[in-house]
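> Dropping in target-v3.txt, which is compact mmCIF, C-alpha atoms:
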# COMPACT_ATOMS: atom_id res chain seq x y z
CA MET A 366 -29.38 -5.95 -31.94
CA LEU A 367 -32.50 -8.10 -32.17
CA LYS A 368 -31.73 -8.85 -35.78
CA LYS A 369 -28.22 -9.92 -34.88
CA THR A 370 -29.51 -12.17 -32.14
CA LEU A 371 -32.00 -13.76 -34.48
CA VAL A 372 -29.34 -14.35 -37.08
CA ALA A 373 -27.08 -15.87 -34.44
CA LEU A 374 -29.89 -18.06 -33.17
CA ALA A 375 -30.79 -19.20 -36.66
CA LEU A 376 -27.17 -19.88 -37.44
CA GLY A 377 -26.67 -21.71 -34.16
CA GLY A 378 -29.80 -23.74 -34.77
CA ALA A 379 -28.65 -24.62 -38.25
CA LEU A 380 -25.25 -25.75 -36.99
CA ILE A 381 -26.66 -27.82 -34.16
CA GLY A 382 -29.17 -29.22 -36.61
CA ALA A 383 -26.31 -30.29 -38.83
CA GLY A 384 -24.90 -32.19 -35.87
CA GLN A 385 -21.79 -30.06 -35.71
CA ALA A 386 -20.23 -28.93 -32.48
CA MET A 387 -19.46 -25.23 -32.37
CA ALA A 388 -17.30 -23.08 -30.19
CA ALA A 389 -19.32 -21.59 -27.39
CA ASP A 390 -18.58 -18.31 -25.69
CA TYR A 391 -18.08 -18.28 -21.96
CA ALA A 392 -17.86 -15.44 -19.48
CA ILE A 393 -15.50 -15.96 -16.56
CA ASP A 394 -17.62 -16.57 -13.47
CA LYS A 395 -16.89 -13.32 -11.69
CA GLN A 396 -20.26 -13.20 -9.96
CA GLY A 397 -19.71 -16.47 -8.10
CA GLN A 398 -15.93 -15.98 -8.28
CA HIS A 399 -15.04 -19.43 -9.47
CA ALA A 400 -11.94 -17.92 -10.98
CA PHE A 401 -8.50 -17.15 -9.64
CA VAL A 402 -5.40 -15.45 -10.89
CA ASN A 403 -2.74 -16.51 -8.43
CA PHE A 404 1.00 -16.23 -8.45
CA LYS A 405 3.86 -17.70 -6.52
CA ILE A 406 7.40 -16.51 -6.11
CA SER A 407 10.26 -17.87 -4.11
CA HIS A 408 11.10 -16.17 -0.83
CA LEU A 409 14.89 -16.25 -0.53
CA GLY A 410 14.81 -19.75 -2.01
CA TYR A 411 13.34 -21.08 1.24
CA SER A 412 9.59 -21.06 0.65
CA TRP A 413 6.86 -20.09 -1.78
CA LEU A 414 5.01 -16.85 -1.38
CA TYR A 415 1.51 -16.97 -2.81
CA GLY A 416 -0.56 -14.03 -3.90
CA THR A 417 -3.71 -13.38 -5.82
CA PHE A 418 -5.41 -10.70 -7.90
CA LYS A 419 -8.90 -10.19 -6.60
CA ASP A 420 -10.36 -8.15 -9.43
CA PHE A 421 -10.29 -9.38 -13.02
CA ASP A 422 -12.72 -10.32 -15.71
CA GLY A 423 -12.70 -11.96 -19.07
CA SER A 424 -14.17 -14.42 -21.48
CA PHE A 425 -13.19 -17.36 -23.60
CA SER A 426 -14.59 -19.42 -26.39
CA PHE A 427 -14.07 -23.12 -26.38
CA ASP A 428 -15.05 -26.20 -28.23
CA ALA A 429 -13.72 -29.52 -26.93
CA ALA A 430 -13.71 -30.90 -30.45
CA LYS A 431 -11.67 -28.04 -31.86
CA PRO A 432 -9.43 -26.75 -29.08
CA GLN A 433 -7.22 -24.93 -31.60
CA ASP A 434 -10.08 -22.52 -32.27
CA SER A 435 -10.30 -21.49 -28.63
CA LYS A 436 -9.75 -17.90 -27.60
CA VAL A 437 -9.28 -16.22 -24.25
CA ASN A 438 -9.19 -12.61 -23.09
CA VAL A 439 -8.59 -11.44 -19.54
CA THR A 440 -8.35 -7.94 -18.08
CA LEU A 441 -7.01 -7.58 -14.60
CA ASN A 442 -6.89 -4.74 -12.09
CA THR A 443 -3.30 -4.73 -10.78
CA THR A 444 -4.29 -2.69 -7.72
CA SER A 445 -6.25 -5.69 -6.49
CA VAL A 446 -3.10 -7.66 -5.65
CA ASP A 447 -3.36 -9.39 -2.30
CA THR A 448 -0.69 -11.41 -0.51
CA ASN A 449 -2.36 -11.33 2.89
CA HIS A 450 0.02 -8.63 4.16
CA ALA A 451 -0.91 -4.95 3.75
CA GLU A 452 2.63 -3.56 3.83
CA ARG A 453 3.82 -6.07 1.26
CA ASP A 454 0.81 -5.38 -0.98
CA LYS A 455 1.56 -1.66 -0.78
CA HIS A 456 5.16 -2.41 -1.78
CA ILE A 457 4.07 -4.63 -4.69
CA ARG A 458 1.83 -1.83 -5.98
CA SER A 459 4.69 0.66 -5.83
CA GLY A 460 7.22 1.55 -8.51
CA ASP A 461 9.48 -1.25 -7.25
CA PHE A 462 7.11 -3.82 -8.74
CA LEU A 463 3.79 -3.29 -10.51
CA ASN A 464 3.60 0.51 -10.74
CA VAL A 465 -0.17 0.33 -10.38
CA SER A 466 -0.75 4.09 -10.43
CA LYS A 467 0.83 4.19 -13.88
CA HIS A 468 -0.29 0.77 -15.09
CA PRO A 469 -3.56 -0.09 -13.33
CA THR A 470 -4.53 -2.87 -15.75
CA ALA A 471 -2.89 -5.99 -17.07
CA THR A 472 -4.32 -7.88 -20.00
CA PHE A 473 -3.93 -11.21 -21.70
CA ALA A 474 -5.20 -11.86 -25.21
CA SER A 475 -4.62 -15.25 -26.79
CA THR A 476 -3.22 -15.39 -30.31
CA SER A 477 -3.09 -19.13 -30.87
CA VAL A 478 -3.94 -22.35 -29.12
CA LYS A 479 -2.13 -25.59 -29.79
CA SER A 480 -3.36 -28.89 -28.47
CA THR A 481 -0.59 -30.77 -26.70
CA GLY A 482 -2.41 -33.90 -25.62
CA GLU A 483 -5.58 -35.20 -24.07
CA GLY A 484 -7.17 -32.14 -22.46
CA THR A 485 -4.03 -30.05 -22.54
CA ALA A 486 -3.01 -27.14 -24.73
CA ASP A 487 -0.46 -24.39 -25.04
CA ILE A 488 -2.18 -21.02 -25.17
CA THR A 489 0.07 -18.42 -26.74
CA GLY A 490 -0.91 -14.83 -26.26
CA ASP A 491 0.15 -11.29 -25.50
CA LEU A 492 0.49 -10.41 -21.87
CA THR A 493 0.58 -6.73 -20.98
CA LEU A 494 1.90 -6.14 -17.50
CA ASN A 495 3.53 -3.06 -16.02
CA GLY A 496 3.18 -1.40 -19.43
CA VAL A 497 5.20 -4.10 -21.20
CA THR A 498 3.61 -6.39 -23.78
CA LYS A 499 5.29 -9.73 -24.38
CA PRO A 500 4.15 -13.05 -25.82
CA VAL A 501 3.80 -15.79 -23.24
CA VAL A 502 2.74 -19.40 -23.42
CA ILE A 503 0.27 -20.70 -20.86
CA ALA A 504 0.30 -24.44 -20.39
CA ALA A 505 -3.41 -25.09 -19.90
CA LYS A 506 -5.35 -28.09 -18.75
CA PHE A 507 -9.02 -28.67 -19.39
CA ILE A 508 -10.66 -29.61 -16.07
CA GLY A 509 -14.26 -30.27 -16.98
CA GLU A 510 -17.50 -29.01 -18.47
CA GLY A 511 -21.20 -29.63 -18.19
CA LYS A 512 -24.49 -28.40 -16.85
CA ASP A 513 -24.51 -26.76 -13.46
CA PRO A 514 -27.36 -27.35 -10.96
CA TRP A 515 -28.82 -23.87 -11.59
CA GLY A 516 -29.64 -24.02 -15.28
CA GLY A 517 -26.34 -22.89 -16.74
CA TYR A 518 -23.50 -24.57 -18.57
CA ARG A 519 -19.92 -24.31 -17.39
CA ALA A 520 -16.40 -25.17 -18.46
CA GLY A 521 -13.22 -24.82 -16.45
CA PHE A 522 -9.47 -24.71 -17.01
CA GLU A 523 -6.28 -24.25 -15.15
CA GLY A 524 -3.05 -23.00 -16.64
CA SER A 525 0.29 -21.66 -15.63
CA THR A 526 3.21 -19.78 -17.05
CA LYS A 527 6.49 -18.51 -15.74
CA LEU A 528 7.50 -14.87 -16.13
CA LYS A 529 10.86 -13.26 -15.64
CA LEU A 530 10.33 -10.15 -13.51
CA LYS A 531 12.96 -8.31 -15.54
CA ASP A 532 11.10 -9.05 -18.79
CA PHE A 533 8.22 -6.96 -17.54
CA ASP A 534 10.41 -4.11 -16.37
CA ILE A 535 9.98 -4.95 -12.67
CA GLN A 536 12.89 -3.18 -11.09
CA LYS A 537 13.24 -4.65 -7.64
CA ASP A 538 15.77 -7.45 -7.36
CA LEU A 539 14.61 -9.98 -4.79
CA GLY A 540 17.67 -12.14 -5.13
CA PRO A 541 18.84 -15.03 -7.30
CA ALA A 542 16.08 -17.42 -6.21
CA SER A 543 13.33 -14.93 -6.98
CA GLN A 544 13.91 -13.86 -10.56
CA ASP A 545 10.78 -15.56 -11.88
CA VAL A 546 7.18 -15.56 -10.82
CA GLU A 547 4.75 -18.30 -11.71
CA LEU A 548 1.25 -17.26 -12.71
CA ILE A 549 -1.44 -19.82 -12.01
CA ILE A 550 -4.76 -19.12 -13.63
CA SER A 551 -7.77 -21.18 -12.68
CA VAL A 552 -11.04 -20.16 -14.27
CA GLU A 553 -14.55 -21.39 -14.71
CA GLY A 554 -16.67 -19.89 -17.46
CA VAL A 555 -20.43 -19.73 -17.73
CA ARG A 556 -21.73 -20.17 -21.25
CA LYS A 557 -23.21 -16.95 -22.57
CA MET B 1206 13.10 26.10 37.42
CA GLN B 1207 9.74 24.71 38.39
CA TRP B 1208 7.91 21.73 36.89
CA ARG B 1209 4.82 23.61 35.86
CA ASN B 1210 4.49 26.50 33.43
CA SER B 1211 3.95 29.94 34.95
CA SER B 1212 2.32 32.95 33.31
CA SER B 1213 5.73 34.11 32.08
CA HIS B 1214 7.93 31.00 31.94
CA TYR B 1215 7.87 27.47 30.63
CA GLY B 1216 8.33 24.77 33.25
CA LEU B 1217 10.54 21.69 33.05
CA VAL B 1218 7.84 19.30 31.84
CA SER B 1219 6.84 21.38 28.82
CA ILE B 1220 10.45 22.18 27.94
CA PHE B 1221 11.53 18.56 28.17
CA MET B 1222 8.62 17.31 26.08
CA HIS B 1223 9.13 20.04 23.46
CA TRP B 1224 12.75 19.13 22.81
CA LEU B 1225 12.14 15.42 23.08
CA VAL B 1226 9.41 15.62 20.43
CA ALA B 1227 11.60 17.85 18.24
CA VAL B 1228 14.49 15.37 18.27
CA VAL B 1229 12.24 12.34 17.83
CA VAL B 1230 10.24 13.85 14.96
CA PHE B 1231 13.35 14.69 12.94
CA GLY B 1232 14.88 11.35 13.91
CA LEU B 1233 11.80 9.45 12.76
CA PHE B 1234 11.75 11.39 9.51
CA GLY B 1235 15.37 10.48 8.83
CA LEU B 1236 14.83 6.88 9.83
CA GLY B 1237 11.68 6.63 7.69
CA TYR B 1238 13.33 8.19 4.67
CA TRP B 1239 16.30 5.86 4.98
CA MET B 1240 14.38 2.66 5.66
CA VAL B 1241 12.05 2.85 2.65
CA GLY B 1242 15.09 2.82 0.38
CA LEU B 1243 16.76 -0.16 2.05
CA ASP B 1244 17.74 -3.11 -0.10
CA TYR B 1245 15.77 -6.31 0.44
CA TYR B 1246 18.92 -8.01 1.68
CA SER B 1247 19.95 -5.24 4.08
CA SER B 1248 20.22 -6.46 7.67
CA TRP B 1249 18.17 -3.40 8.65
CA ARG B 1250 15.30 -4.31 6.31
CA GLN B 1251 13.15 -5.54 9.20
CA THR B 1252 14.63 -3.84 12.26
CA ALA B 1253 14.46 -0.29 10.89
CA PRO B 1254 10.68 -0.33 10.25
CA ASP B 1255 10.13 -2.08 13.60
CA LEU B 1256 12.06 0.70 15.34
CA HIS B 1257 10.29 3.41 13.34
CA LYS B 1258 6.88 2.05 14.34
CA SER B 1259 7.81 1.44 17.98
CA ILE B 1260 9.25 4.94 18.43
CA GLY B 1261 6.29 6.43 16.58
CA LEU B 1262 3.78 4.76 18.90
CA VAL B 1263 5.69 5.91 21.97
CA LEU B 1264 5.72 9.40 20.48
CA PHE B 1265 1.95 9.17 20.18
CA ALA B 1266 1.72 8.52 23.93
CA VAL B 1267 4.11 11.41 24.62
CA MET B 1268 2.03 13.73 22.44
CA LEU B 1269 -1.14 12.72 24.27
CA ALA B 1270 0.62 13.47 27.56
CA ARG B 1271 1.79 16.77 26.11
CA VAL B 1272 -1.73 17.83 25.19
CA LEU B 1273 -3.00 16.79 28.61
CA TRP B 1274 -0.21 18.67 30.30
CA ARG B 1275 -0.93 21.73 28.21
CA TRP B 1276 -4.49 21.62 29.47
CA PHE B 1277 -3.36 20.98 33.05
CA SER B 1278 -0.61 23.61 32.97
CA PRO B 1279 -1.19 26.12 30.15
CA PRO B 1280 1.81 27.66 28.41
CA PRO B 1281 2.91 31.18 29.40
CA ALA B 1282 1.25 34.21 27.83
CA SER B 1283 2.57 35.65 24.56
CA LEU B 1284 5.42 38.13 24.89
CA PRO B 1285 4.21 41.75 25.12
CA ASN B 1286 6.15 42.82 22.02
CA HIS B 1287 4.20 40.33 19.86
CA GLY B 1288 1.45 41.97 17.82
CA ARG B 1289 -1.91 40.55 16.96
CA MET B 1290 -0.70 39.06 13.70
CA THR B 1291 2.27 37.36 15.33
CA ARG B 1292 0.04 35.85 18.00
CA MET B 1293 -2.45 34.62 15.44
CA ALA B 1294 0.26 33.19 13.20
CA SER B 1295 1.98 31.39 16.05
CA LYS B 1296 -1.29 30.00 17.35
CA LEU B 1297 -2.23 28.70 13.90
CA GLY B 1298 1.26 27.36 13.33
CA HIS B 1299 1.39 25.52 16.64
CA SER B 1300 -2.09 24.09 16.11
CA PHE B 1301 -1.00 22.79 12.73
CA LEU B 1302 2.11 21.18 14.22
CA TYR B 1303 0.07 19.40 16.87
CA LEU B 1304 -2.74 18.36 14.54
CA GLY B 1305 -0.37 17.39 11.75
CA LEU B 1306 1.69 15.25 14.08
CA PHE B 1307 -1.38 13.35 15.27
CA VAL B 1308 -2.64 12.76 11.74
CA LEU B 1309 0.87 11.69 10.72
CA MET B 1310 1.14 9.14 13.52
CA ILE B 1311 -2.37 7.82 12.97
CA SER B 1312 -1.77 7.44 9.23
CA GLY B 1313 1.39 5.46 9.93
CA TYR B 1314 -0.50 3.21 12.31
CA LEU B 1315 -3.20 2.68 9.66
CA ILE B 1316 -0.66 1.47 7.07
CA SER B 1317 0.76 -1.27 9.25
CA THR B 1318 -2.56 -2.37 10.73
CA ALA B 1319 -4.56 -2.29 7.46
CA ASP B 1320 -4.83 -6.09 7.33
CA GLY B 1321 -5.69 -6.48 11.01
CA ARG B 1322 -2.15 -7.15 12.17
CA GLY B 1323 -1.11 -5.38 15.38
CA ILE B 1324 2.14 -3.45 15.83
CA PRO B 1325 4.68 -4.80 18.33
CA VAL B 1326 6.29 -2.01 20.37
CA PHE B 1327 9.97 -2.81 20.98
CA GLY B 1328 8.90 -6.44 21.20
CA LEU B 1329 7.36 -5.72 24.61
CA PHE B 1330 3.67 -5.47 23.87
CA GLU B 1331 1.42 -5.11 20.86
CA VAL B 1332 -0.84 -2.27 19.81
CA PRO B 1333 -3.82 -3.97 18.14
CA ALA B 1334 -5.35 -2.98 14.82
CA SER B 1335 -8.64 -1.12 14.92
CA LEU B 1336 -9.73 0.52 11.69
CA THR B 1337 -9.19 -1.87 8.77
CA SER B 1338 -12.01 -1.09 6.37
CA ILE B 1339 -10.95 2.10 4.59
CA PRO B 1340 -10.83 1.26 0.85
CA ASP B 1341 -7.20 0.73 -0.22
CA GLN B 1342 -6.29 1.63 3.34
CA GLU B 1343 -2.56 0.90 3.24
CA ASP B 1344 -2.15 2.91 0.03
CA VAL B 1345 -4.24 5.90 1.07
CA ALA B 1346 -2.69 6.01 4.54
CA GLY B 1347 0.72 5.58 2.92
CA LEU B 1348 0.26 8.63 0.71
CA VAL B 1349 -1.00 10.72 3.63
CA HIS B 1350 1.94 9.57 5.75
CA GLU B 1351 4.52 10.37 3.10
CA TYR B 1352 3.26 13.79 2.06
CA LEU B 1353 2.38 14.90 5.57
CA ALA B 1354 5.81 13.85 6.84
CA TRP B 1355 7.49 16.11 4.29
CA THR B 1356 5.04 18.94 5.03
CA LEU B 1357 5.60 18.66 8.75
CA VAL B 1358 9.40 18.62 8.72
CA ILE B 1359 9.40 21.61 6.38
CA PHE B 1360 6.89 23.32 8.66
CA ALA B 1361 8.93 22.45 11.74
CA GLY B 1362 11.91 24.00 9.96
CA ILE B 1363 9.90 27.19 9.45
CA HIS B 1364 8.93 27.01 13.14
CA ALA B 1365 12.64 26.88 14.03
CA LEU B 1366 13.49 29.73 11.64
CA ALA B 1367 10.74 31.83 13.20
CA ALA B 1368 12.23 31.19 16.66
CA LEU B 1369 15.66 32.24 15.37
CA LYS B 1370 14.14 35.36 13.82
CA HIS B 1371 12.65 36.28 17.20
CA HIS B 1372 16.00 35.65 18.85
CA PHE B 1373 18.36 37.41 16.46
CA ILE B 1374 16.20 40.06 14.81
CA ASP B 1375 13.49 40.92 17.33
CA ARG B 1376 15.86 40.08 20.19
CA ASP B 1377 13.02 38.83 22.38
CA ARG B 1378 12.72 35.86 24.77
CA THR B 1379 10.79 33.52 22.41
CA LEU B 1380 13.66 31.07 21.98
CA THR B 1381 15.33 31.43 25.37
CA ARG B 1382 11.96 30.77 27.03
CA MET B 1383 12.10 27.27 25.55
CA PHE B 1384 15.35 26.78 27.49
CA GLY B 1385 13.73 27.87 30.74
CA ARG B 1386 15.01 31.46 30.77
Please lay out the structure from this file as structure tokens.

Amino acid sequence: MLKKTLVALALGGALIGAGQAMAADYAIDKQGQHAFVNFKISHLGYSWLYGTFKDFDGSFSFDAAKPQDSKVNVTLNTTSVDTNHAERDKHIRSGDFLNVSKHPTATFASTSVKSTGEGTADITGDLTLNGVTKPVVIAAKFIGEGKDPWGGYRAGFEGSTKLKLKDFDIQKDLGPASQDVELIISVEGVRK
Amino acid sequence: MQWRNSSSHYGLVSIFMHWLVAVVVFGLFGLGYWMVGLDYYSSWRQTAPDLHKSIGLVLFAVMLARVLWRWFSPPPASLPNHGRMTRMASKLGHSFLYLGLFVLMISGYLISTADGRGIPVFGLFEVPASLTSIPDQEDVAGLVHEYLAWTLVIFAGIHALAALKHHFIDRDRTLTRMFGR
């Protein structure tokens, strides 16, 4: 453990010394909860229903100079879904939607990141939800990075992707306007 | 027939409340079972749960009145042909029906009020939320409500079969007493 740390420090020092930027590892700020996994789905085609998952954690590595080397991993507790309505939340947790007793966790693991412009990238990865694993592409936007006022270093992103409910074996049909749900992920990471 | 129970007969109030609760409990079970399977686009999707909750809350008031009345005017004594075991079993069974019904109604209330929302009763007034801090309240209360509902209707069925057994096999007044005889 100590040896590993020393090696890492030495290596890090050497790289910084060489003037090279290197990908840093960040933990999603769960403690201060500057991180949100939200979703929105159409209600009858008349309005947007917003919801959130309160309990998730994850990490990412990021280097502004080499965005293609970035990685992100998120694990989410599906039971923590909250749409500000207890009966609806209970229904979403049921077999009609997320089946949380059978599939209590959802995960996302990036497989590749492709820069698409200034501060934007497509993050491709495997999303496991309701027991189904499918590749999805998250259109991500770099928001900002820098020192925080408390001695840490932070970087933040927001991204979104659209999922077909049917693709993830979600049985309930909410009507023609509500076949897709948009996931909106907004996270701030604290450098490890 | 008199209003109050006597030492040998049930009075009108107890008889009326008994049959009212019987009909309403089975009705609510049927309504509940049907409404949870309703399609999102069914015109009953909102009215059926509203009715279920409104009737359930009124039933709660009726059950409170029933317990009070039972204390105010105790039920008649057991029939002389009933042995010790029969008396014990019926006492336990009735206690379970009363207790189970209260827990069932409270669990239902706790589902709908888990996020602090009150329950409108027939659109006339609202019963406010109270307890909202049980972890995963709507889910836990939901499970209790579902399993207890099944247990209670099965148990009420056994209660009815027992009454029929007294009527047709023992040929005693157990069942007819509940009709005021």
> Counting only C-alpha atoms, collect the residues of chain B whose closest atom lies at most 7 Å from chain A, and write them out as number ranges by chain.
B: 1245, 1316-1317, 1319-1320, 1343-1344
> So what do you get for CA of Leu1348 (chain B) versus CA of Ser466 (chain A), distance-wise?
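Between CA of Leu1348 (chain B) and CA of Ser466 (chain A) the gap is 12.1 Å.
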> The residues within 10 Å of (2.7, 6.6, 18.6), using all atoms listed in the file and the coordinates of the file, should be reported as a list of chain:residue names; which are they?
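All residues meeting the 10 Å criterion around (2.7, 6.6, 18.6) are B:His1257, B:Lys1258, B:Ser1259, B:Ile1260, B:Gly1261, B:Leu1262, B:Val1263, B:Leu1264, B:Phe1265, B:Ala1266, B:Val1267, B:Met1268, B:Leu1269, B:Leu1306, B:Phe1307, B:Leu1309, B:Met1310, B:Ile1311, B:Gly1313, B:Tyr1314, B:Val1326, B:Val1332.
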> Could you please give me, as a list of chain:residue names, the residues of protein, DNA or RNA lying at most 10 Å from (-0.2, -28.6, -26.5) in the coordinate frame of the file, considering all atoms listed in the file?
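Those residues, ordered by chain and then number, are A:Pro432, A:Gln433, A:Val478, A:Lys479, A:Ser480, A:Thr481, A:Gly482, A:Glu483, A:Gly484, A:Thr485, A:Ala486, A:Asp487, A:Ile488, A:Ile503, A:Ala504, A:Ala505, A:Lys506.
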> What is the CA of Ile1220 (chain B)-CA of Arg1382 (chain B) distance in Å, reported with one decimal?
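Distance between the two atoms: 8.8 Å.
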> Write out as a CSV table (one decimal) with C-alpha atoms, in the coordinates of the input each polymer residue whose atoms come within 6 Å of Ser475 (chain A), counting all atoms listed in the file; drop sequence neighbours fewer than 4 positions from it.

chain,number,residue,atom,x,y,z
A,436,LYS,CA,-9.8,-17.9,-27.6
A,437,VAL,CA,-9.3,-16.2,-24.2
A,489,THR,CA,0.1,-18.4,-26.7
A,490,GLY,CA,-0.9,-14.8,-26.3
> Using all atoms listed in the file, which of A:Ile550, A:Ala400, A:Val555, A:Leu492 sits nearest Phe427 (chain A)?
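Once distances to Phe427 (chain A) are computed over all atoms listed in the file, the minimum belongs to A:Val555.
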> Between CA of His408 (chain A) and CA of Pro469 (chain A), what is the distance in Å, rounded to a tenth?
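Atom-to-atom, CA of His408 (chain A) and CA of Pro469 (chain A) are spaced 25.1 Å apart.
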> Between A:Ala474, A:Leu494, A:Val446, A:Val465, single out the one closest to Val402 (chain A), counting only C-alpha atoms.
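Under the stated criterion, the closest residue is A:Val446.
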> Which is closer to Asp1341 (chain B) than all the others in A:Val501, A:Gly521, A:Asp434, A:Asp447, using all atoms listed in the file?
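Closest to Asp1341 (chain B), using all atoms listed in the file: A:Asp447.
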> Pick out the closest residue to Lys405 (chain A) from this set: A:Asp491, A:Asp513, A:Asp422, A:Glu547. Count all atoms listed in the file.
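Smallest distance to Lys405 (chain A) is found for A:Glu547.
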> So, counting all atoms listed in the file, which residue among B:Arg1378, B:His1214, B:Lys1370, B:His1350 is closest to Tyr1238 (chain B)?
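For Tyr1238 (chain B), the nearest of the given residues is B:His1350.
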> His1299 (chain B): which residues within 12 Å, counting only C-alpha atoms, same-chain residues fewer than 3 positions away excluded, as a tab-separated table (two decimals) with C-alpha atoms, in the frame of the given file?

chain	number	residue	atom	x	y	z
B	1223	HIS	CA	9.13	20.04	23.46
B	1272	VAL	CA	-1.73	17.83	25.19
B	1280	PRO	CA	1.81	27.66	28.41
B	1291	THR	CA	2.27	37.36	15.33
B	1292	ARG	CA	0.04	35.85	18.00
B	1293	MET	CA	-2.45	34.62	15.44
B	1294	ALA	CA	0.26	33.19	13.20
B	1295	SER	CA	1.98	31.39	16.05
B	1296	LYS	CA	-1.29	30.00	17.35
B	1302	LEU	CA	2.11	21.18	14.22
B	1303	TYR	CA	0.07	19.40	16.87
B	1304	LEU	CA	-2.74	18.36	14.54
B	1305	GLY	CA	-0.37	17.39	11.75
B	1306	LEU	CA	1.69	15.25	14.08
B	1357	LEU	CA	5.60	18.66	8.75
B	1360	PHE	CA	6.89	23.32	8.66
B	1361	ALA	CA	8.93	22.45	11.74
B	1363	ILE	CA	9.90	27.19	9.45
B	1364	HIS	CA	8.93	27.01	13.14
B	1365	ALA	CA	12.64	26.88	14.03
B	1367	ALA	CA	10.74	31.83	13.20
> Between B:Leu1315, B:Ile1359, B:Met1240, B:Ala1253, which is the closest to Ile1339 (chain B) once you count all atoms listed in the file?
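Of the candidates, the smallest distance to Ile1339 (chain B) is held by B:Leu1315.
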> I want to know what sits within 12 Å of Ile393 (chain A), based on all atoms listed in the file, with residues of the same chain fewer than 4 positions away left out; could you give that as a PyMOL selection string?
chain A and resi 397-402+420-426+437-440+518-522+550-557
> Counting all atoms listed in the file, what is within 10 Å of Phe1231 (chain B), bar same-chain residues fewer than 4 positions away, as an NGL selection string?
:B and (1226-1227 or 1235-1237 or 1354 or 1357-1358 or 1361-1362)
